[in-house]
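Structure data (CSV, N, CA and C atoms) from work.csv:
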chain,number,residue,atom,x,y,z
H,4,MET,N,166.6,209.5,82.1
H,4,MET,CA,167.0,209.2,83.4
H,4,MET,C,168.5,209.1,83.6
H,5,ARG,N,169.2,208.6,82.6
H,5,ARG,CA,170.6,208.5,82.7
H,5,ARG,C,171.3,209.8,82.5
H,6,SER,N,170.6,210.7,81.9
H,6,SER,CA,171.2,212.1,81.6
H,6,SER,C,171.4,212.8,82.9
H,7,LEU,N,170.5,212.6,83.9
H,7,LEU,CA,170.7,213.3,85.2
H,7,LEU,C,172.0,212.8,85.9
H,8,ARG,N,172.2,211.4,85.8
H,8,ARG,CA,173.4,210.9,86.4
H,8,ARG,C,174.6,211.4,85.6
H,9,ASN,N,174.5,211.4,84.3
H,9,ASN,CA,175.7,211.8,83.5
H,9,ASN,C,176.0,213.3,83.8
H,10,LEU,N,174.9,214.1,83.9
H,10,LEU,CA,175.2,215.5,84.2
H,10,LEU,C,175.8,215.6,85.6
H,11,SER,N,175.3,214.9,86.6
H,11,SER,CA,175.9,214.9,87.9
H,11,SER,C,177.4,214.5,87.9
H,12,VAL,N,177.7,213.4,87.2
H,12,VAL,CA,179.1,213.0,87.1
H,12,VAL,C,179.9,214.0,86.4
H,13,PHE,N,179.4,214.6,85.3
H,13,PHE,CA,180.2,215.7,84.6
H,13,PHE,C,180.4,216.9,85.5
H,14,ALA,N,179.4,217.3,86.3
H,14,ALA,CA,179.5,218.5,87.2
H,14,ALA,C,180.5,218.1,88.3
H,15,PHE,N,180.5,216.9,88.8
H,15,PHE,CA,181.4,216.5,89.9
H,15,PHE,C,182.8,216.5,89.3
H,16,ALA,N,183.0,215.9,88.1
H,16,ALA,CA,184.3,215.8,87.5
H,16,ALA,C,184.9,217.2,87.2
H,17,LEU,N,184.0,218.1,86.8
H,17,LEU,CA,184.4,219.5,86.6
H,17,LEU,C,184.9,220.1,87.9
H,18,CYS,N,184.1,219.9,88.9
H,18,CYS,CA,184.4,220.5,90.2
H,18,CYS,C,185.8,220.0,90.8
H,19,VAL,N,186.0,218.7,90.6
H,19,VAL,CA,187.2,218.1,91.2
H,19,VAL,C,188.4,218.3,90.3
H,20,SER,N,188.2,218.6,89.0
H,20,SER,CA,189.4,218.8,88.1
H,20,SER,C,189.8,220.2,88.1
H,21,LEU,N,189.0,221.1,88.3
H,21,LEU,CA,189.4,222.5,88.3
H,21,LEU,C,190.5,222.9,89.3
H,22,PRO,N,190.5,222.3,90.5
H,22,PRO,CA,191.6,222.6,91.4
H,22,PRO,C,193.0,222.1,90.8
H,23,ALA,N,193.0,221.1,90.0
H,23,ALA,CA,194.3,220.6,89.4
H,23,ALA,C,194.9,221.7,88.5
H,24,LEU,N,194.0,222.6,88.0
H,24,LEU,CA,194.5,223.6,87.2
H,24,LEU,C,195.0,224.9,87.9
H,25,ALA,N,194.7,224.9,89.2
H,25,ALA,CA,195.0,226.1,90.0
H,25,ALA,C,196.0,225.6,91.1
H,26,ASP,N,196.6,226.6,91.8
H,26,ASP,CA,197.5,226.3,92.9
H,26,ASP,C,196.8,225.7,94.1
H,27,LYS,N,195.5,226.1,94.3
H,27,LYS,CA,194.8,225.6,95.4
H,27,LYS,C,193.4,225.2,94.9
H,28,GLN,N,192.7,224.5,95.8
H,28,GLN,CA,191.3,224.0,95.4
H,28,GLN,C,190.4,225.2,95.3
H,29,THR,N,189.4,225.1,94.4
H,29,THR,CA,188.4,226.0,94.2
H,29,THR,C,187.3,225.8,95.3
H,30,ASN,N,186.9,226.9,96.0
H,30,ASN,CA,185.8,226.8,96.9
H,30,ASN,C,184.5,226.9,96.2
H,31,PHE,N,183.5,226.2,96.6
H,31,PHE,CA,182.2,226.4,96.1
H,31,PHE,C,181.1,226.2,97.1
H,32,LEU,N,180.0,226.8,96.9
H,32,LEU,CA,178.8,226.7,97.7
H,32,LEU,C,177.7,226.1,96.9
H,33,PHE,N,176.9,225.2,97.5
H,33,PHE,CA,175.7,224.7,96.8
H,33,PHE,C,174.5,224.9,97.7
H,34,PHE,N,173.6,225.6,97.2
H,34,PHE,CA,172.4,225.9,98.0
H,34,PHE,C,171.2,225.1,97.4
H,35,LEU,N,170.5,224.5,98.3
H,35,LEU,CA,169.2,223.8,97.9
H,35,LEU,C,168.2,224.4,98.9
H,36,VAL,N,167.2,225.1,98.3
H,36,VAL,CA,166.2,225.7,99.2
H,36,VAL,C,164.8,225.2,98.9
H,37,ASP,N,164.1,224.6,99.9
H,37,ASP,CA,162.8,224.1,99.7
H,37,ASP,C,161.8,225.2,99.5
H,38,ASP,N,160.8,225.0,98.6
H,38,ASP,CA,159.7,225.9,98.4
H,38,ASP,C,160.1,227.3,98.0
H,39,MET,N,161.2,227.5,97.3
H,39,MET,CA,161.6,228.8,96.8
H,39,MET,C,161.5,228.7,95.2
H,40,GLY,N,160.7,229.7,94.7
H,40,GLY,CA,160.6,229.7,93.3
H,40,GLY,C,161.8,230.4,92.6
H,41,TRP,N,162.0,230.2,91.3
H,41,TRP,CA,163.1,230.7,90.6
H,41,TRP,C,163.1,232.3,90.7
H,42,ALA,N,161.9,232.9,90.6
H,42,ALA,CA,161.9,234.4,90.6
H,42,ALA,C,161.8,234.9,92.0
H,43,ASP,N,162.1,234.2,93.0
H,43,ASP,CA,162.0,234.7,94.4
H,43,ASP,C,163.2,235.4,94.9
H,44,ILE,N,164.2,235.5,94.1
H,44,ILE,CA,165.4,236.3,94.6
H,44,ILE,C,165.7,237.5,93.6
H,45,GLY,N,166.3,238.5,94.2
H,45,GLY,CA,166.5,239.7,93.4
H,45,GLY,C,167.4,239.4,92.2
H,46,ALA,N,168.3,238.5,92.2
H,46,ALA,CA,169.2,238.2,91.1
H,46,ALA,C,168.4,237.7,89.9
H,47,ASN,N,167.2,237.2,90.2
H,47,ASN,CA,166.4,236.7,89.1
H,47,ASN,C,165.2,237.6,88.8
H,48,GLY,N,165.2,238.8,89.3
H,48,GLY,CA,164.2,239.8,89.0
H,48,GLY,C,163.1,240.0,90.0
H,49,SER,N,163.2,239.4,91.2
H,49,SER,CA,162.2,239.7,92.2
H,49,SER,C,162.2,241.1,92.7
H,50,LYS,N,161.1,241.8,92.6
H,50,LYS,CA,161.0,243.2,93.2
H,50,LYS,C,160.3,243.1,94.6
H,51,PHE,N,159.8,241.9,95.0
H,51,PHE,CA,159.1,241.8,96.2
H,51,PHE,C,160.1,241.4,97.3
H,52,HIS,N,160.8,240.3,97.1
H,52,HIS,CA,161.7,239.7,98.1
H,52,HIS,C,163.1,240.5,98.0
H,53,GLU,N,163.6,240.9,99.2
H,53,GLU,CA,164.9,241.5,99.2
H,53,GLU,C,165.9,240.4,99.6
H,54,THR,N,166.9,240.1,98.7
H,54,THR,CA,167.8,239.1,99.0
H,54,THR,C,169.2,239.6,98.7
H,55,PRO,N,169.7,240.6,99.3
H,55,PRO,CA,171.0,241.2,99.0
H,55,PRO,C,172.2,240.3,99.1
H,56,HIS,N,172.2,239.4,100.0
H,56,HIS,CA,173.4,238.5,100.2
H,56,HIS,C,173.4,237.5,99.1
H,57,ILE,N,172.3,236.9,98.8
H,57,ILE,CA,172.2,235.9,97.7
H,57,ILE,C,172.5,236.6,96.4
H,58,ASP,N,172.0,237.8,96.2
H,58,ASP,CA,172.2,238.6,95.0
H,58,ASP,C,173.7,238.9,94.8
H,59,ARG,N,174.4,239.2,95.9
H,59,ARG,CA,175.9,239.5,95.8
H,59,ARG,C,176.6,238.2,95.4
H,60,LEU,N,176.3,237.0,96.0
H,60,LEU,CA,176.9,235.8,95.7
H,60,LEU,C,176.6,235.4,94.2
H,61,ALA,N,175.4,235.7,93.7
H,61,ALA,CA,175.1,235.4,92.3
H,61,ALA,C,175.9,236.3,91.4
H,62,LYS,N,176.1,237.5,91.8
H,62,LYS,CA,176.8,238.4,90.9
H,62,LYS,C,178.3,238.1,90.8
H,63,SER,N,178.9,237.6,91.9
H,63,SER,CA,180.3,237.4,91.9
H,63,SER,C,180.7,236.0,91.6
H,64,GLY,N,179.8,235.1,91.5
H,64,GLY,CA,180.1,233.7,91.2
H,64,GLY,C,179.5,233.2,89.9
H,65,MET,N,179.6,231.9,89.8
H,65,MET,CA,179.1,231.2,88.6
H,65,MET,C,177.6,230.7,88.9
H,66,ARG,N,176.8,231.0,88.0
H,66,ARG,CA,175.4,230.6,88.2
H,66,ARG,C,175.0,229.5,87.2
H,67,PHE,N,174.2,228.5,87.6
H,67,PHE,CA,173.7,227.5,86.8
H,67,PHE,C,172.1,227.7,86.8
H,68,THR,N,171.6,228.2,85.7
H,68,THR,CA,170.2,228.6,85.7
H,68,THR,C,169.3,227.7,84.9
H,69,GLN,N,169.8,226.6,84.5
H,69,GLN,CA,169.0,225.6,83.7
H,69,GLN,C,168.8,224.3,84.4
H,70,GLY,N,168.9,224.3,85.8
H,70,GLY,CA,168.7,223.1,86.5
H,70,GLY,C,167.3,222.8,86.9
H,71,TYR,N,167.0,221.5,87.0
H,71,TYR,CA,165.6,221.1,87.4
H,71,TYR,C,165.7,220.1,88.5
H,72,ALA,N,164.8,220.2,89.4
H,72,ALA,CA,164.7,219.2,90.6
H,72,ALA,C,164.4,217.8,90.1
H,73,ALA,N,165.0,216.8,90.7
H,73,ALA,CA,164.8,215.5,90.3
H,73,ALA,C,163.4,215.0,90.8
H,74,GLY,N,162.8,215.6,91.8
H,74,GLY,CA,161.5,215.2,92.3
H,74,GLY,C,160.7,216.4,92.6
H,75,SER,N,159.4,216.2,92.8
H,75,SER,CA,158.5,217.3,93.1
H,75,SER,C,158.5,217.7,94.6
H,76,VAL,N,159.1,216.9,95.4
H,76,VAL,CA,159.3,217.1,96.9
H,76,VAL,C,160.7,217.0,97.3
H,77,CYS,N,161.0,217.4,98.5
H,77,CYS,CA,162.4,217.6,98.9
H,77,CYS,C,163.2,216.3,99.0
H,78,SER,N,162.7,215.2,99.6
H,78,SER,CA,163.5,214.0,99.8
H,78,SER,C,164.1,213.4,98.6
H,79,PRO,N,163.3,213.2,97.5
H,79,PRO,CA,163.9,212.6,96.3
H,79,PRO,C,164.9,213.5,95.7
H,80,THR,N,164.7,214.8,95.7
H,80,THR,CA,165.6,215.8,95.1
H,80,THR,C,166.9,215.7,95.9
H,81,ARG,N,166.9,215.7,97.2
H,81,ARG,CA,168.1,215.6,98.0
H,81,ARG,C,168.8,214.3,97.8
H,82,ALA,N,168.1,213.2,97.7
H,82,ALA,CA,168.8,211.9,97.4
H,82,ALA,C,169.5,211.9,96.1
H,83,SER,N,168.8,212.6,95.1
H,83,SER,CA,169.4,212.6,93.8
H,83,SER,C,170.7,213.5,93.8
H,84,ILE,N,170.6,214.6,94.4
H,84,ILE,CA,171.8,215.5,94.5
H,84,ILE,C,173.0,214.8,95.2
H,85,MET,N,172.6,214.2,96.3
H,85,MET,CA,173.7,213.6,97.2
H,85,MET,C,174.4,212.4,96.5
H,86,THR,N,173.6,211.7,95.6
H,86,THR,CA,174.2,210.4,95.0
H,86,THR,C,174.5,210.6,93.6
H,87,GLY,N,173.9,211.5,92.9
H,87,GLY,CA,174.0,211.6,91.4
H,87,GLY,C,173.2,210.6,90.7
H,88,LYS,N,172.2,210.0,91.4
H,88,LYS,CA,171.3,209.0,90.8
H,88,LYS,C,169.9,209.5,90.8
H,89,HIS,N,169.1,209.0,89.9
H,89,HIS,CA,167.7,209.3,89.9
H,89,HIS,C,167.1,208.8,91.2
H,90,PRO,N,166.1,209.5,91.7
H,90,PRO,CA,165.6,209.1,93.0
H,90,PRO,C,165.1,207.6,93.1
H,91,VAL,N,164.5,207.2,92.0
H,91,VAL,CA,164.0,205.8,92.0
H,91,VAL,C,165.1,204.8,92.1
H,92,ARG,N,166.3,205.1,91.7
H,92,ARG,CA,167.5,204.2,91.8
H,92,ARG,C,167.9,204.0,93.3
H,93,VAL,N,167.6,204.9,94.1
H,93,VAL,CA,167.9,204.7,95.6
H,93,VAL,C,166.6,204.5,96.4
H,94,ASP,N,165.5,204.2,95.7
H,94,ASP,CA,164.2,203.9,96.4
H,94,ASP,C,163.7,205.1,97.3
H,95,ILE,N,163.9,206.3,96.8
H,95,ILE,CA,163.3,207.4,97.6
H,95,ILE,C,162.6,208.3,96.6
H,96,THR,N,161.3,208.1,96.5
H,96,THR,CA,160.4,208.8,95.5
H,96,THR,C,159.4,209.7,96.1
H,97,ASP,N,159.4,209.8,97.5
H,97,ASP,CA,158.4,210.6,98.2
H,97,ASP,C,159.1,211.1,99.4
H,98,TRP,N,158.4,211.9,100.2
H,98,TRP,CA,158.9,212.4,101.4
H,98,TRP,C,159.4,211.2,102.3
H,99,ILE,N,160.4,211.5,103.1
H,99,ILE,CA,160.8,210.6,104.1
H,99,ILE,C,160.2,211.0,105.4
H,100,PRO,N,159.4,210.2,106.1
H,100,PRO,CA,158.9,208.9,105.6
H,100,PRO,C,157.8,209.2,104.5
H,101,GLY,N,157.8,208.3,103.6
H,101,GLY,CA,156.8,208.3,102.5
H,101,GLY,C,155.4,208.3,103.0
H,102,GLN,N,154.5,209.0,102.4
H,102,GLN,CA,153.1,209.0,102.8
H,102,GLN,C,152.1,208.6,101.7
H,103,SER,N,152.4,207.5,101.1
H,103,SER,CA,151.6,207.1,99.9
H,103,SER,C,150.2,206.7,100.3
H,104,ASN,N,149.9,206.5,101.6
H,104,ASN,CA,148.5,206.0,102.0
H,104,ASN,C,147.6,207.2,102.3
H,105,ARG,N,148.0,208.4,102.0
H,105,ARG,CA,147.1,209.6,102.2
H,105,ARG,C,145.8,209.4,101.4
H,106,PRO,N,144.7,209.8,101.9
H,106,PRO,CA,143.5,209.7,101.1
H,106,PRO,C,143.5,210.7,99.9
H,107,THR,N,144.3,211.7,99.9
H,107,THR,CA,144.3,212.7,98.8
H,107,THR,C,145.4,212.2,97.8
H,108,ASN,N,146.1,211.1,98.0
H,108,ASN,CA,147.1,210.7,97.1
H,108,ASN,C,146.7,209.2,96.6
H,109,PRO,N,145.9,209.1,95.5
H,109,PRO,CA,145.5,207.8,95.1
H,109,PRO,C,146.5,207.0,94.4
H,110,LEU,N,147.7,207.5,94.2
H,110,LEU,CA,148.8,206.7,93.5
H,110,LEU,C,149.3,205.6,94.3
H,111,LEU,N,149.8,204.6,93.7
H,111,LEU,CA,150.5,203.5,94.4
H,111,LEU,C,151.9,203.7,94.3
H,112,HIS,N,152.6,204.1,95.4
H,112,HIS,CA,154.0,204.3,95.4
H,112,HIS,C,154.8,203.1,95.7
H,113,PRO,N,156.0,203.0,95.3
H,113,PRO,CA,156.9,201.9,95.7
H,113,PRO,C,157.2,202.0,97.2
H,114,GLU,N,157.7,200.9,97.8
H,114,GLU,CA,158.1,201.0,99.2
H,114,GLU,C,159.4,201.9,99.2
H,115,ASP,N,159.3,203.0,99.8
H,115,ASP,CA,160.4,203.9,99.9
H,115,ASP,C,161.2,203.6,101.1
H,116,ARG,N,162.5,203.9,101.0
H,116,ARG,CA,163.4,203.8,102.1
H,116,ARG,C,163.2,204.9,103.1
H,117,GLN,N,163.7,204.8,104.3
H,117,GLN,CA,163.6,205.8,105.3
H,117,GLN,C,164.9,206.6,105.3
H,118,SER,N,165.9,206.2,104.6
H,118,SER,CA,167.2,206.9,104.5
H,118,SER,C,168.0,206.3,103.3
H,119,LEU,N,169.1,207.0,102.9
H,119,LEU,CA,169.9,206.5,101.9
H,119,LEU,C,170.6,205.2,102.3
H,120,PRO,N,170.8,204.3,101.4
H,120,PRO,CA,171.6,203.1,101.8
H,120,PRO,C,173.0,203.5,102.1
H,121,LEU,N,173.6,202.9,103.1
H,121,LEU,CA,174.9,203.3,103.6
H,121,LEU,C,176.0,203.0,102.5
H,122,GLU,N,175.7,202.1,101.6
H,122,GLU,CA,176.7,201.7,100.6
H,122,GLU,C,176.7,202.8,99.4
H,123,GLU,N,175.8,203.7,99.4
H,123,GLU,CA,175.8,204.8,98.4
H,123,GLU,C,176.9,205.7,98.7
H,124,VAL,N,177.7,206.1,97.7
H,124,VAL,CA,178.7,207.1,97.9
H,124,VAL,C,178.0,208.5,97.6
H,125,THR,N,178.1,209.3,98.6
H,125,THR,CA,177.5,210.6,98.5
H,125,THR,C,178.5,211.7,97.9
H,126,LEU,N,177.9,212.8,97.4
H,126,LEU,CA,178.8,213.8,96.9
H,126,LEU,C,179.8,214.3,98.0
H,127,ALA,N,179.3,214.4,99.2
H,127,ALA,CA,180.2,214.8,100.3
H,127,ALA,C,181.4,213.9,100.5
H,128,GLU,N,181.1,212.6,100.4
H,128,GLU,CA,182.2,211.6,100.6
H,128,GLU,C,183.2,211.6,99.4
H,129,ALA,N,182.6,211.8,98.2
H,129,ALA,CA,183.5,211.9,97.0
H,129,ALA,C,184.4,213.2,97.1
H,130,LEU,N,183.8,214.3,97.6
H,130,LEU,CA,184.6,215.5,97.7
H,130,LEU,C,185.7,215.4,98.8
H,131,LYS,N,185.3,214.7,99.9
H,131,LYS,CA,186.3,214.5,100.9
H,131,LYS,C,187.5,213.7,100.4
H,132,GLN,N,187.3,212.7,99.5
H,132,GLN,CA,188.4,211.9,99.0
H,132,GLN,C,189.3,212.8,98.2
H,133,HIS,N,188.9,214.0,97.7
H,133,HIS,CA,189.7,214.9,97.0
H,133,HIS,C,190.2,216.1,97.8
H,134,GLY,N,190.1,216.0,99.1
H,134,GLY,CA,190.7,217.0,100.0
H,134,GLY,C,189.7,218.1,100.4
H,135,TYR,N,188.5,218.0,100.0
H,135,TYR,CA,187.5,219.1,100.4
H,135,TYR,C,187.0,218.8,101.8
H,136,GLN,N,186.6,219.9,102.4
H,136,GLN,CA,185.9,219.8,103.7
H,136,GLN,C,184.4,220.1,103.3
H,137,THR,N,183.5,219.4,103.8
H,137,THR,CA,182.1,219.5,103.5
H,137,THR,C,181.3,219.9,104.7
H,138,PHE,N,180.2,220.5,104.5
H,138,PHE,CA,179.3,220.9,105.6
H,138,PHE,C,177.8,220.8,105.0
H,139,PHE,N,176.9,220.4,105.8
H,139,PHE,CA,175.5,220.3,105.5
H,139,PHE,C,174.7,220.8,106.6
H,140,ALA,N,173.8,221.7,106.3
H,140,ALA,CA,172.9,222.2,107.3
H,140,ALA,C,171.4,222.2,106.8
H,141,GLY,N,170.5,222.0,107.6
H,141,GLY,CA,169.1,222.1,107.2
H,141,GLY,C,168.3,220.9,107.6
Spell out the structure here as structure tokens.
Amino acid sequence: MRSLRNLSVFAFALCVSLPALADKQTNFLFFLVDDMGWADIGANGSKFHETPHIDRLAKSGMRFTQGYAAGSVCSPTRASIMTGKHPVRVDITDWIPGQSNRPTNPLLHPEDRQSLPLEEVTLAEALKQHGYQTFFAG
């Protein structure tokens, strides 16, 4: 559990320390795509889906191919990426709003939040403190 946070802190530290070695800050893009499999882009071998723009970005940039989602659905994964914490640490373990009372889901889920707590420092806030401009869409 702590390894995810340690990895996030290391990745963030790496991202913010690289500009110190250069004359200007390094630009980077982070894509999170729901319901896309690893082999769904040409850069990873897809012969079915045509993804020339993503393939070009993959070829010209740095790729991290050993990452795993923190949750099986989007909300916990996004909360984890945004805060660097395991989803259970920010009380988001299911979709927002959580749907633990579905008849097809017999598990007892904790009471999930409807949003991130305002006191959580997000990746975007941390990057802004280091002079980056951030953008989120989706």
Fill in: For atom C of Ile95 in chain H and atom N of Pro79 in chain H, the interatomic separation in Å (one decimal)
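Value for the atom C of Ile95 in chain H-atom N of Pro79 in chain H distance: 5.0 Å.
Pairwise distance (atom N of Ala46 in chain H, CA of Ala72 in chain H) equals 19.7 Å.
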Discussion item. Could you list, as a ChimeraX atom specification, every residue within 8 Å of Asp38 in chain H, counting only N, CA and C atoms and ignoring same-chain residues fewer than 3 positions away?
Written reply: /H:35,41,77
Hey, can you spit out that residue selection with N, CA and C atoms as a short mmCIF file (atom, residue, chain, number, x, y, z; two decimals), in the coordinates of the input?
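Written file, again27.cif:
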data_model
loop_
_atom_site.label_atom_id
_atom_site.label_comp_id
_atom_site.auth_asym_id
_atom_site.auth_seq_id
_atom_site.Cartn_x
_atom_site.Cartn_y
_atom_site.Cartn_z
N LEU H 35 170.50 224.50 98.30
CA LEU H 35 169.20 223.80 97.90
C LEU H 35 168.20 224.40 98.90
N TRP H 41 162.00 230.20 91.30
CA TRP H 41 163.10 230.70 90.60
C TRP H 41 163.10 232.30 90.70
N CYS H 77 161.00 217.40 98.50
CA CYS H 77 162.40 217.60 98.90
C CYS H 77 163.20 216.30 99.00
#
Once DSSP has gone over the backbone, tell me which residues of range 30-121 of chain H are in alpha helix (DSSP H), as a PDB file with N, CA and C atoms, in the coordinates of the input.
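Ended up saving to result_7.pdb:
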ATOM      1  N   PRO H  55     169.700 240.600  99.300  1.00  0.00           N
ATOM      2  CA  PRO H  55     171.000 241.200  99.000  1.00  0.00           C
ATOM      3  C   PRO H  55     172.200 240.300  99.100  1.00  0.00           C
ATOM      4  N   HIS H  56     172.200 239.400 100.000  1.00  0.00           N
ATOM      5  CA  HIS H  56     173.400 238.500 100.200  1.00  0.00           C
ATOM      6  C   HIS H  56     173.400 237.500  99.100  1.00  0.00           C
ATOM      7  N   ILE H  57     172.300 236.900  98.800  1.00  0.00           N
ATOM      8  CA  ILE H  57     172.200 235.900  97.700  1.00  0.00           C
ATOM      9  C   ILE H  57     172.500 236.600  96.400  1.00  0.00           C
ATOM     10  N   ASP H  58     172.000 237.800  96.200  1.00  0.00           N
ATOM     11  CA  ASP H  58     172.200 238.600  95.000  1.00  0.00           C
ATOM     12  C   ASP H  58     173.700 238.900  94.800  1.00  0.00           C
ATOM     13  N   ARG H  59     174.400 239.200  95.900  1.00  0.00           N
ATOM     14  CA  ARG H  59     175.900 239.500  95.800  1.00  0.00           C
ATOM     15  C   ARG H  59     176.600 238.200  95.400  1.00  0.00           C
ATOM     16  N   LEU H  60     176.300 237.000  96.000  1.00  0.00           N
ATOM     17  CA  LEU H  60     176.900 235.800  95.700  1.00  0.00           C
ATOM     18  C   LEU H  60     176.600 235.400  94.200  1.00  0.00           C
ATOM     19  N   ALA H  61     175.400 235.700  93.700  1.00  0.00           N
ATOM     20  CA  ALA H  61     175.100 235.400  92.300  1.00  0.00           C
ATOM     21  C   ALA H  61     175.900 236.300  91.400  1.00  0.00           C
ATOM     22  N   LYS H  62     176.100 237.500  91.800  1.00  0.00           N
ATOM     23  CA  LYS H  62     176.800 238.400  90.900  1.00  0.00           C
ATOM     24  C   LYS H  62     178.300 238.100  90.800  1.00  0.00           C
ATOM     25  N   SER H  63     178.900 237.600  91.900  1.00  0.00           N
ATOM     26  CA  SER H  63     180.300 237.400  91.900  1.00  0.00           C
ATOM     27  C   SER H  63     180.700 236.000  91.600  1.00  0.00           C
ATOM     28  N   CYS H  77     161.000 217.400  98.500  1.00  0.00           N
ATOM     29  CA  CYS H  77     162.400 217.600  98.900  1.00  0.00           C
ATOM     30  C   CYS H  77     163.200 216.300  99.000  1.00  0.00           C
ATOM     31  N   SER H  78     162.700 215.200  99.600  1.00  0.00           N
ATOM     32  CA  SER H  78     163.500 214.000  99.800  1.00  0.00           C
ATOM     33  C   SER H  78     164.100 213.400  98.600  1.00  0.00           C
ATOM     34  N   PRO H  79     163.300 213.200  97.500  1.00  0.00           N
ATOM     35  CA  PRO H  79     163.900 212.600  96.300  1.00  0.00           C
ATOM     36  C   PRO H  79     164.900 213.500  95.700  1.00  0.00           C
ATOM     37  N   THR H  80     164.700 214.800  95.700  1.00  0.00           N
ATOM     38  CA  THR H  80     165.600 215.800  95.100  1.00  0.00           C
ATOM     39  C   THR H  80     166.900 215.700  95.900  1.00  0.00           C
ATOM     40  N   ARG H  81     166.900 215.700  97.200  1.00  0.00           N
ATOM     41  CA  ARG H  81     168.100 215.600  98.000  1.00  0.00           C
ATOM     42  C   ARG H  81     168.800 214.300  97.800  1.00  0.00           C
ATOM     43  N   ALA H  82     168.100 213.200  97.700  1.00  0.00           N
ATOM     44  CA  ALA H  82     168.800 211.900  97.400  1.00  0.00           C
ATOM     45  C   ALA H  82     169.500 211.900  96.100  1.00  0.00           C
ATOM     46  N   SER H  83     168.800 212.600  95.100  1.00  0.00           N
ATOM     47  CA  SER H  83     169.400 212.600  93.800  1.00  0.00           C
ATOM     48  C   SER H  83     170.700 213.500  93.800  1.00  0.00           C
ATOM     49  N   ILE H  84     170.600 214.600  94.400  1.00  0.00           N
ATOM     50  CA  ILE H  84     171.800 215.500  94.500  1.00  0.00           C
ATOM     51  C   ILE H  84     173.000 214.800  95.200  1.00  0.00           C
ATOM     52  N   MET H  85     172.600 214.200  96.300  1.00  0.00           N
ATOM     53  CA  MET H  85     173.700 213.600  97.200  1.00  0.00           C
ATOM     54  C   MET H  85     174.400 212.400  96.500  1.00  0.00           C
ATOM     55  N   THR H  86     173.600 211.700  95.600  1.00  0.00           N
ATOM     56  CA  THR H  86     174.200 210.400  95.000  1.00  0.00           C
ATOM     57  C   THR H  86     174.500 210.600  93.600  1.00  0.00           C
TER      58      THR H  86
END
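The shortest atom-to-atom distance to Ser78 in chain H, with all atoms listed in the file taken into account, belongs to H:Ile99 out of H:Leu119, H:Val91, H:Ala61, H:Ile99.
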Worksheet entry | For CA of Thr80 in chain H and atom C of Lys27 in chain H, the interatomic separation in Å (one decimal) |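 Atom-to-atom, CA of Thr80 in chain H to atom C of Lys27 in chain H, that is 29.3 Å.
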Worksheet item: For Val93 in chain H, which residue among H:Val36, H:Ile57, H:Leu121, H:Ile44 is the nearest when counting only C-alpha atoms?
Response: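 The answer is H:Leu121, which sits nearest to Val93 in chain H.
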Fill in: Ref. answer, residues at most 7 Å from (178.8, 214.5, 95.2) with all atoms listed in the file, as a PyMOL selection string
chain H and resi 15+84-87+124-130
